[in-house]
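See below for the structure under consideration.
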Amino acid sequence: MKNLEKTTGLLGALPPSETLGSLIKGIELAKKGIQVHMLSVGEPDFDTPDPIKTACFEAMKAGMTKYTIPAGISELREACAEKFNADGIISSPAQVVVTPGGKFACAAAITALCGPGDEVIIPVPYWVSHLHMVAASGARPVFVQTYPENNFELTEEDLARYVTEKTRLVILCSPSNPTGAVYRKAALETLGRWAVEKNFMILSDEVYEKLTYDEDQPHISVASLAPEIAEHTITIDSFSKSYAMTGWRVGFLTAPLWLTKKIDALQTHFVANVTTFAQYGALKALKECSADCEKMRLAFAQRRELFCGLLNQIPGLKFIRPSGAFYVFCDISAYGLSSTDFCDRMMDEAFIAAAPGCGFGADNFVRFSYACSEETLCNASAMLKEFCTKLLK
């Protein structure tokens, strides 16, 4: 008799997220009345700005509760295209797909583009879900190690070594989850030139694009560098991080028209359209909430300064000061523990939740999030210092 529990499908074989263990354990401890310092979650602690919520509520009252076309309401796709063009990325409403979150935008793009026989270059450290999306497509992931001393960037030497005739896609995440690194223009120009010359696509995950903090390291969209590079790029964005809309699940992308048609068709069959009234909230965000976004960015910038200063006082902990997102990716090699063991012990002994680096392909690192209050950062840092000091004894 066949075993129905044995999964043979590509999608059914995906594992749970490797980064959720600390979060789940932290929630369980909190239910027992234990105060846990949650530095594991990539979610702003700010509430969604009121104008966005009001626009959503008004849309519901006006009856905007029916299906839309799968790619999104025309007003929102037009606003997204305007946003991309303002950033120097050639786009049109027909090239935009509004998706249920930036995560699904990545998944839809990868699975619509790639399949068995293709190779996808994934720089390490990588965002945990990018790897599993590639696996779901049937393509072969090609891992390329990057290093903190080079800003965690792909180099021309890396491309020369790993790009082959089978290379279909290179994944770029800037500002980066988990490292917080922001790709520099020269590295982007190199990647873009290779994409055009060797005829592969770039998936540019830019969901943290508004959250950068250094004037000498601004966010640059690789698709904005030249029209021919834009023809080889899928640019992914989202409302989740910049506008504190994580639970709304609204993302968007732009790509060459031949590919957006494929992505649109895939979304049609998997999810139909993004929640209709949520799209009107997203439209309000793009049209009127840049000041709210900037206010949150400045708060994150202040938290970065505070947290990095506190982490610098912890013996054995090493990190590169992040230029974007809201993460610090810390090297824990000095403590002689795997990232999972480090996080488990840190939870049990210091009540701090963080994401183990093994989920990002870097087992000697741990990702801390500073998307929380300054009080939490101060208290957690004091506990972390005590914990790390004991480990070195």
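Please note that chains go A, B, ... in the order of the structure tokens, that every chain numbers its residues from 1, and that ligands are numbered from 1 in the order shown.
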Using DSSP on the backbone coordinates, identify all residues within range 104-349 of chain A classified as helix (DSSP H, G or I); present the result as a PyMOL selection string. chain A and resi 104-113+128-137+148-150+156-162+185-198+222-224+227-230+246-248+257-270+276-288+290-311+333-335+339-349
Keeping C-alpha atoms for every residue in the selection just given, could you write it to a file as a compact mmCIF listing (two decimals), in the first residue's frame?
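Writing done, so here's again-v9.txt:
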# COMPACT_ATOMS: atom_id res chain seq x y z
CA PHE A 104 5.10 36.00 -2.76
CA ALA A 105 6.47 38.46 -5.30
CA CYS A 106 9.85 36.74 -4.99
CA ALA A 107 8.32 33.27 -5.07
CA ALA A 108 6.15 34.01 -8.09
CA ALA A 109 9.03 35.56 -10.01
CA ILE A 110 11.42 32.69 -9.29
CA THR A 111 8.94 29.91 -10.04
CA ALA A 112 7.60 31.62 -13.17
CA LEU A 113 11.12 32.06 -14.52
CA VAL A 128 16.11 32.05 4.27
CA SER A 129 13.09 31.93 1.95
CA HIS A 130 14.99 32.70 -1.25
CA LEU A 131 16.68 29.31 -1.05
CA HIS A 132 13.43 27.39 -0.61
CA MET A 133 11.75 29.31 -3.42
CA VAL A 134 14.53 28.19 -5.74
CA ALA A 135 14.10 24.63 -4.50
CA ALA A 136 10.36 24.86 -5.18
CA SER A 137 11.06 25.86 -8.77
CA PRO A 148 31.96 41.09 5.61
CA GLU A 149 35.27 42.71 4.64
CA ASN A 150 33.83 43.16 1.13
CA GLU A 156 33.51 40.00 -10.66
CA GLU A 157 35.72 37.04 -9.72
CA ASP A 158 32.66 35.31 -8.22
CA LEU A 159 30.65 35.84 -11.39
CA ALA A 160 33.48 34.62 -13.59
CA ARG A 161 33.72 31.45 -11.52
CA TYR A 162 30.05 30.60 -11.06
CA LYS A 185 27.22 51.21 -7.15
CA ALA A 186 30.37 49.63 -8.56
CA ALA A 187 29.27 46.14 -7.50
CA LEU A 188 25.81 46.71 -8.98
CA GLU A 189 27.32 47.93 -12.27
CA THR A 190 29.42 44.79 -12.48
CA LEU A 191 26.45 42.53 -11.83
CA GLY A 192 24.29 44.41 -14.32
CA ARG A 193 26.94 44.22 -17.02
CA TRP A 194 27.30 40.47 -16.53
CA ALA A 195 23.52 39.98 -16.69
CA VAL A 196 23.37 41.71 -20.06
CA GLU A 197 26.47 40.06 -21.52
CA LYS A 198 25.72 36.54 -20.27
CA VAL A 222 20.32 47.88 -10.13
CA ALA A 223 17.56 48.29 -12.76
CA SER A 224 18.03 52.07 -12.65
CA PRO A 227 17.65 50.39 -19.75
CA GLU A 228 19.37 47.19 -20.90
CA ILE A 229 19.96 46.20 -17.27
CA ALA A 230 16.30 46.88 -16.47
CA THR A 246 3.53 43.63 7.62
CA GLY A 247 0.11 42.09 8.27
CA TRP A 248 -1.48 43.70 5.23
CA LEU A 257 6.59 42.62 -19.91
CA TRP A 258 7.23 39.07 -21.16
CA LEU A 259 7.95 38.00 -17.58
CA THR A 260 5.23 39.98 -15.79
CA LYS A 261 2.70 38.19 -18.01
CA LYS A 262 4.01 34.86 -16.71
CA ILE A 263 3.99 36.08 -13.09
CA ASP A 264 0.47 37.45 -13.50
CA ALA A 265 -0.73 34.11 -14.85
CA LEU A 266 0.89 32.24 -11.96
CA GLN A 267 -0.71 34.55 -9.40
CA THR A 268 -4.06 34.17 -11.14
CA HIS A 269 -4.08 30.44 -10.44
CA PHE A 270 -2.53 30.49 -6.97
CA THR A 276 -9.11 44.48 -2.52
CA PHE A 277 -9.50 47.03 0.29
CA ALA A 278 -5.88 46.50 1.37
CA GLN A 279 -4.84 47.73 -2.06
CA TYR A 280 -6.52 51.08 -1.39
CA GLY A 281 -4.52 51.38 1.82
CA ALA A 282 -1.35 50.69 -0.15
CA LEU A 283 -2.33 53.34 -2.67
CA LYS A 284 -2.69 55.88 0.14
CA ALA A 285 0.75 54.88 1.44
CA LEU A 286 2.41 55.62 -1.89
CA LYS A 287 0.51 58.84 -2.47
CA GLU A 288 0.56 60.54 0.91
CA SER A 290 6.26 59.52 2.72
CA ALA A 291 6.55 61.67 5.88
CA ASP A 292 5.41 58.74 8.05
CA CYS A 293 7.95 56.52 6.35
CA GLU A 294 10.73 59.03 6.98
CA LYS A 295 9.78 59.36 10.63
CA MET A 296 10.16 55.61 11.08
CA ARG A 297 13.43 55.58 9.15
CA LEU A 298 14.91 58.21 11.46
CA ALA A 299 13.83 56.19 14.50
CA PHE A 300 15.50 53.08 13.09
CA ALA A 301 18.65 55.10 12.39
CA GLN A 302 18.76 56.20 16.03
CA ARG A 303 18.22 52.64 17.22
CA ARG A 304 21.02 51.43 14.99
CA GLU A 305 23.44 53.86 16.60
CA LEU A 306 22.31 52.85 20.07
CA PHE A 307 22.40 49.10 19.46
CA CYS A 308 25.71 49.03 17.61
CA GLY A 309 27.28 51.07 20.40
CA LEU A 310 26.03 48.59 22.98
CA LEU A 311 27.12 45.56 20.96
CA SER A 333 32.76 32.23 16.26
CA ALA A 334 34.56 33.20 19.49
CA TYR A 335 32.08 31.28 21.62
CA SER A 339 24.15 29.36 15.87
CA THR A 340 21.29 27.13 17.00
CA ASP A 341 23.02 26.19 20.24
CA PHE A 342 23.96 29.82 20.86
CA CYS A 343 20.36 30.98 20.35
CA ASP A 344 18.91 28.17 22.45
CA ARG A 345 21.22 28.91 25.35
CA MET A 346 20.72 32.65 24.98
CA MET A 347 16.97 32.11 25.23
CA ASP A 348 17.23 29.79 28.23
CA GLU A 349 19.81 31.82 30.16
Per-residue DSSP, range 239-330 of chain A, filtered to strand (DSSP E), as a PyMOL selection string: chain A and resi 251-254+318-319+327-330
Store the residues picked out above in a file with N, CA, C and O atoms, as a PDB file, in the first residue's frame.
ATOM      1  N   GLY A 251       2.646  43.452  -1.636  1.00  0.00           N
ATOM      2  CA  GLY A 251       3.930  43.711  -2.265  1.00  0.00           C
ATOM      3  C   GLY A 251       3.707  44.099  -3.708  1.00  0.00           C
ATOM      4  O   GLY A 251       2.567  44.124  -4.194  1.00  0.00           O
ATOM      5  N   PHE A 252       4.786  44.394  -4.418  1.00  0.00           N
ATOM      6  CA  PHE A 252       4.647  44.715  -5.843  1.00  0.00           C
ATOM      7  C   PHE A 252       5.986  44.523  -6.529  1.00  0.00           C
ATOM      8  O   PHE A 252       7.046  44.519  -5.891  1.00  0.00           O
ATOM      9  N   LEU A 253       5.932  44.333  -7.832  1.00  0.00           N
ATOM     10  CA  LEU A 253       7.156  44.136  -8.604  1.00  0.00           C
ATOM     11  C   LEU A 253       7.005  44.748  -9.978  1.00  0.00           C
ATOM     12  O   LEU A 253       5.897  45.012 -10.446  1.00  0.00           O
ATOM     13  N   THR A 254       8.154  44.973 -10.605  1.00  0.00           N
ATOM     14  CA  THR A 254       8.177  45.331 -12.015  1.00  0.00           C
ATOM     15  C   THR A 254       9.251  44.506 -12.685  1.00  0.00           C
ATOM     16  O   THR A 254      10.271  44.156 -12.073  1.00  0.00           O
ATOM     17  N   LYS A 318      31.542  40.069  17.081  1.00  0.00           N
ATOM     18  CA  LYS A 318      32.051  40.859  15.967  1.00  0.00           C
ATOM     19  C   LYS A 318      30.926  41.107  14.962  1.00  0.00           C
ATOM     20  O   LYS A 318      30.090  40.229  14.723  1.00  0.00           O
ATOM     21  N   PHE A 319      30.924  42.285  14.369  1.00  0.00           N
ATOM     22  CA  PHE A 319      29.904  42.592  13.370  1.00  0.00           C
ATOM     23  C   PHE A 319      30.359  43.760  12.506  1.00  0.00           C
ATOM     24  O   PHE A 319      31.225  44.540  12.895  1.00  0.00           O
ATOM     25  N   TYR A 327      18.758  45.093  10.938  1.00  0.00           N
ATOM     26  CA  TYR A 327      19.406  43.916  11.495  1.00  0.00           C
ATOM     27  C   TYR A 327      20.892  44.170  11.724  1.00  0.00           C
ATOM     28  O   TYR A 327      21.519  44.946  10.988  1.00  0.00           O
ATOM     29  N   VAL A 328      21.437  43.471  12.736  1.00  0.00           N
ATOM     30  CA  VAL A 328      22.885  43.389  12.907  1.00  0.00           C
ATOM     31  C   VAL A 328      23.227  41.909  12.867  1.00  0.00           C
ATOM     32  O   VAL A 328      22.679  41.110  13.632  1.00  0.00           O
ATOM     33  N   PHE A 329      24.125  41.544  11.956  1.00  0.00           N
ATOM     34  CA  PHE A 329      24.510  40.152  11.758  1.00  0.00           C
ATOM     35  C   PHE A 329      25.841  39.942  12.459  1.00  0.00           C
ATOM     36  O   PHE A 329      26.885  40.415  12.010  1.00  0.00           O
ATOM     37  N   CYS A 330      25.798  39.238  13.578  1.00  0.00           N
ATOM     38  CA  CYS A 330      26.958  39.139  14.465  1.00  0.00           C
ATOM     39  C   CYS A 330      27.678  37.800  14.327  1.00  0.00           C
ATOM     40  O   CYS A 330      27.046  36.736  14.360  1.00  0.00           O
TER      41      CYS A 330
END
As an exercise, work out the distance from CA of Gly72 in chain A to CA of His232 in chain A in Å and give it to one decimal place. 23.1 Å
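Within 8 Å of range 312-316 of chain A there are Ile332, Ala334, Tyr335, Leu384, Lys385, Cys388, Thr389 and Leu392 of chain A, counting only C-alpha atoms and ignoring same-chain residues fewer than 5 positions away.
Neighbouring residues of Gln145 in chain A at 8 Å or closer, counting only C-alpha atoms and skipping chain neighbours under 3 positions away, are Pro123, Val124 and Pro125 of chain A.
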Test item: residues at most 8 Å from range 216-220 of chain A, only C-alpha atoms, excluding those fewer than 6 positions along its chain, as a list in words: Ser174, Pro175, Val182, Tyr183, Arg184, Lys185, Glu209, Lys210 and Ser323 of chain A
Just write the chosen residues, all heavy atoms, as an mmCIF file, in the first residue's frame.
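Contents of the output file result-v2.cif:
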data_model
loop_
_atom_site.group_PDB
_atom_site.id
_atom_site.type_symbol
_atom_site.label_atom_id
_atom_site.label_comp_id
_atom_site.auth_asym_id
_atom_site.auth_seq_id
_atom_site.Cartn_x
_atom_site.Cartn_y
_atom_site.Cartn_z
ATOM 1 N N SER A 174 19.268 43.786 -1.408
ATOM 2 C CA SER A 174 19.929 45.002 -0.939
ATOM 3 C C SER A 174 18.894 46.115 -0.780
ATOM 4 O O SER A 174 18.164 46.417 -1.738
ATOM 5 C CB SER A 174 21.005 45.438 -1.941
ATOM 6 O OG SER A 174 21.610 46.649 -1.550
ATOM 7 N N PRO A 175 18.834 46.702 0.429
ATOM 8 C CA PRO A 175 19.512 46.370 1.678
ATOM 9 C C PRO A 175 19.212 44.930 2.090
ATOM 10 O O PRO A 175 18.126 44.428 1.850
ATOM 11 C CB PRO A 175 18.955 47.368 2.684
ATOM 12 C CG PRO A 175 18.498 48.529 1.846
ATOM 13 C CD PRO A 175 17.968 47.898 0.596
ATOM 14 N N VAL A 182 24.305 47.275 2.223
ATOM 15 C CA VAL A 182 23.727 47.932 1.058
ATOM 16 C C VAL A 182 24.763 47.881 -0.068
ATOM 17 O O VAL A 182 25.882 48.374 0.086
ATOM 18 C CB VAL A 182 23.348 49.392 1.372
ATOM 19 C CG1 VAL A 182 22.795 50.081 0.129
ATOM 20 C CG2 VAL A 182 22.333 49.454 2.510
ATOM 21 N N TYR A 183 24.384 47.263 -1.177
ATOM 22 C CA TYR A 183 25.326 47.129 -2.290
ATOM 23 C C TYR A 183 25.787 48.493 -2.795
ATOM 24 O O TYR A 183 24.987 49.422 -2.935
ATOM 25 C CB TYR A 183 24.673 46.378 -3.441
ATOM 26 C CG TYR A 183 25.059 44.914 -3.537
ATOM 27 C CD1 TYR A 183 24.691 44.017 -2.536
ATOM 28 C CD2 TYR A 183 25.772 44.434 -4.627
ATOM 29 C CE1 TYR A 183 25.029 42.670 -2.632
ATOM 30 C CE2 TYR A 183 26.119 43.098 -4.731
ATOM 31 C CZ TYR A 183 25.748 42.215 -3.728
ATOM 32 O OH TYR A 183 26.090 40.898 -3.821
ATOM 33 N N ARG A 184 27.075 48.580 -3.092
ATOM 34 C CA ARG A 184 27.640 49.806 -3.650
ATOM 35 C C ARG A 184 27.459 49.825 -5.165
ATOM 36 O O ARG A 184 27.273 48.796 -5.803
ATOM 37 C CB ARG A 184 29.118 49.902 -3.276
ATOM 38 C CG ARG A 184 29.336 50.086 -1.772
ATOM 39 C CD ARG A 184 30.773 49.859 -1.356
ATOM 40 N NE ARG A 184 31.173 48.452 -1.495
ATOM 41 C CZ ARG A 184 32.296 47.948 -0.991
ATOM 42 N NH1 ARG A 184 33.121 48.735 -0.298
ATOM 43 N NH2 ARG A 184 32.600 46.670 -1.167
ATOM 44 N N LYS A 185 27.521 51.039 -5.730
ATOM 45 C CA LYS A 185 27.220 51.214 -7.150
ATOM 46 C C LYS A 185 28.139 50.386 -8.030
ATOM 47 O O LYS A 185 27.699 49.774 -9.018
ATOM 48 C CB LYS A 185 27.302 52.689 -7.521
ATOM 49 C CG LYS A 185 26.868 52.982 -8.960
ATOM 50 C CD LYS A 185 26.895 54.464 -9.261
ATOM 51 C CE LYS A 185 26.419 54.730 -10.691
ATOM 52 N NZ LYS A 185 26.449 56.185 -11.008
ATOM 53 N N GLU A 209 14.288 49.092 0.846
ATOM 54 C CA GLU A 209 14.957 50.158 0.100
ATOM 55 C C GLU A 209 14.820 51.544 0.733
ATOM 56 O O GLU A 209 15.688 52.387 0.541
ATOM 57 C CB GLU A 209 14.452 50.188 -1.348
ATOM 58 C CG GLU A 209 12.943 50.211 -1.513
ATOM 59 C CD GLU A 209 12.414 51.557 -1.965
ATOM 60 O OE1 GLU A 209 13.234 52.435 -2.261
ATOM 61 O OE2 GLU A 209 11.188 51.726 -1.996
ATOM 62 N N LYS A 210 13.793 51.781 1.487
ATOM 63 C CA LYS A 210 13.645 53.089 2.133
ATOM 64 C C LYS A 210 14.381 53.174 3.461
ATOM 65 O O LYS A 210 14.488 54.252 4.043
ATOM 66 C CB LYS A 210 12.162 53.418 2.344
ATOM 67 C CG LYS A 210 11.390 53.658 1.049
ATOM 68 C CD LYS A 210 9.991 54.152 1.331
ATOM 69 C CE LYS A 210 9.213 54.362 0.042
ATOM 70 N NZ LYS A 210 9.839 55.346 -0.858
ATOM 71 N N SER A 323 24.317 49.261 7.052
ATOM 72 C CA SER A 323 23.926 50.531 6.430
ATOM 73 C C SER A 323 22.441 50.605 6.120
ATOM 74 O O SER A 323 21.937 51.668 5.754
ATOM 75 C CB SER A 323 24.725 50.750 5.135
ATOM 76 O OG SER A 323 26.085 50.955 5.410
#
Go through A:Ile89, A:Lys61, A:Phe326, A:Ala353 one by one, measure the shortest atom-to-atom distance of each to Lys25 in chain A using only C-alpha atoms, and give the residue with the smallest value.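 When distances to Lys25 in chain A are compared using only C-alpha atoms, the smallest one comes from A:Ala353.
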Nearest to Asn199 in chain A: which of A:Glu231, A:Leu211, A:Ile52, A:Gly336 is it, counting only C-alpha atoms? A:Glu231
Min atom-atom distance to Pro256 in chain A from the set A:Ala382, A:Ala272, A:Ala350, A:Met201, counting only C-alpha atoms, belongs to A:Met201
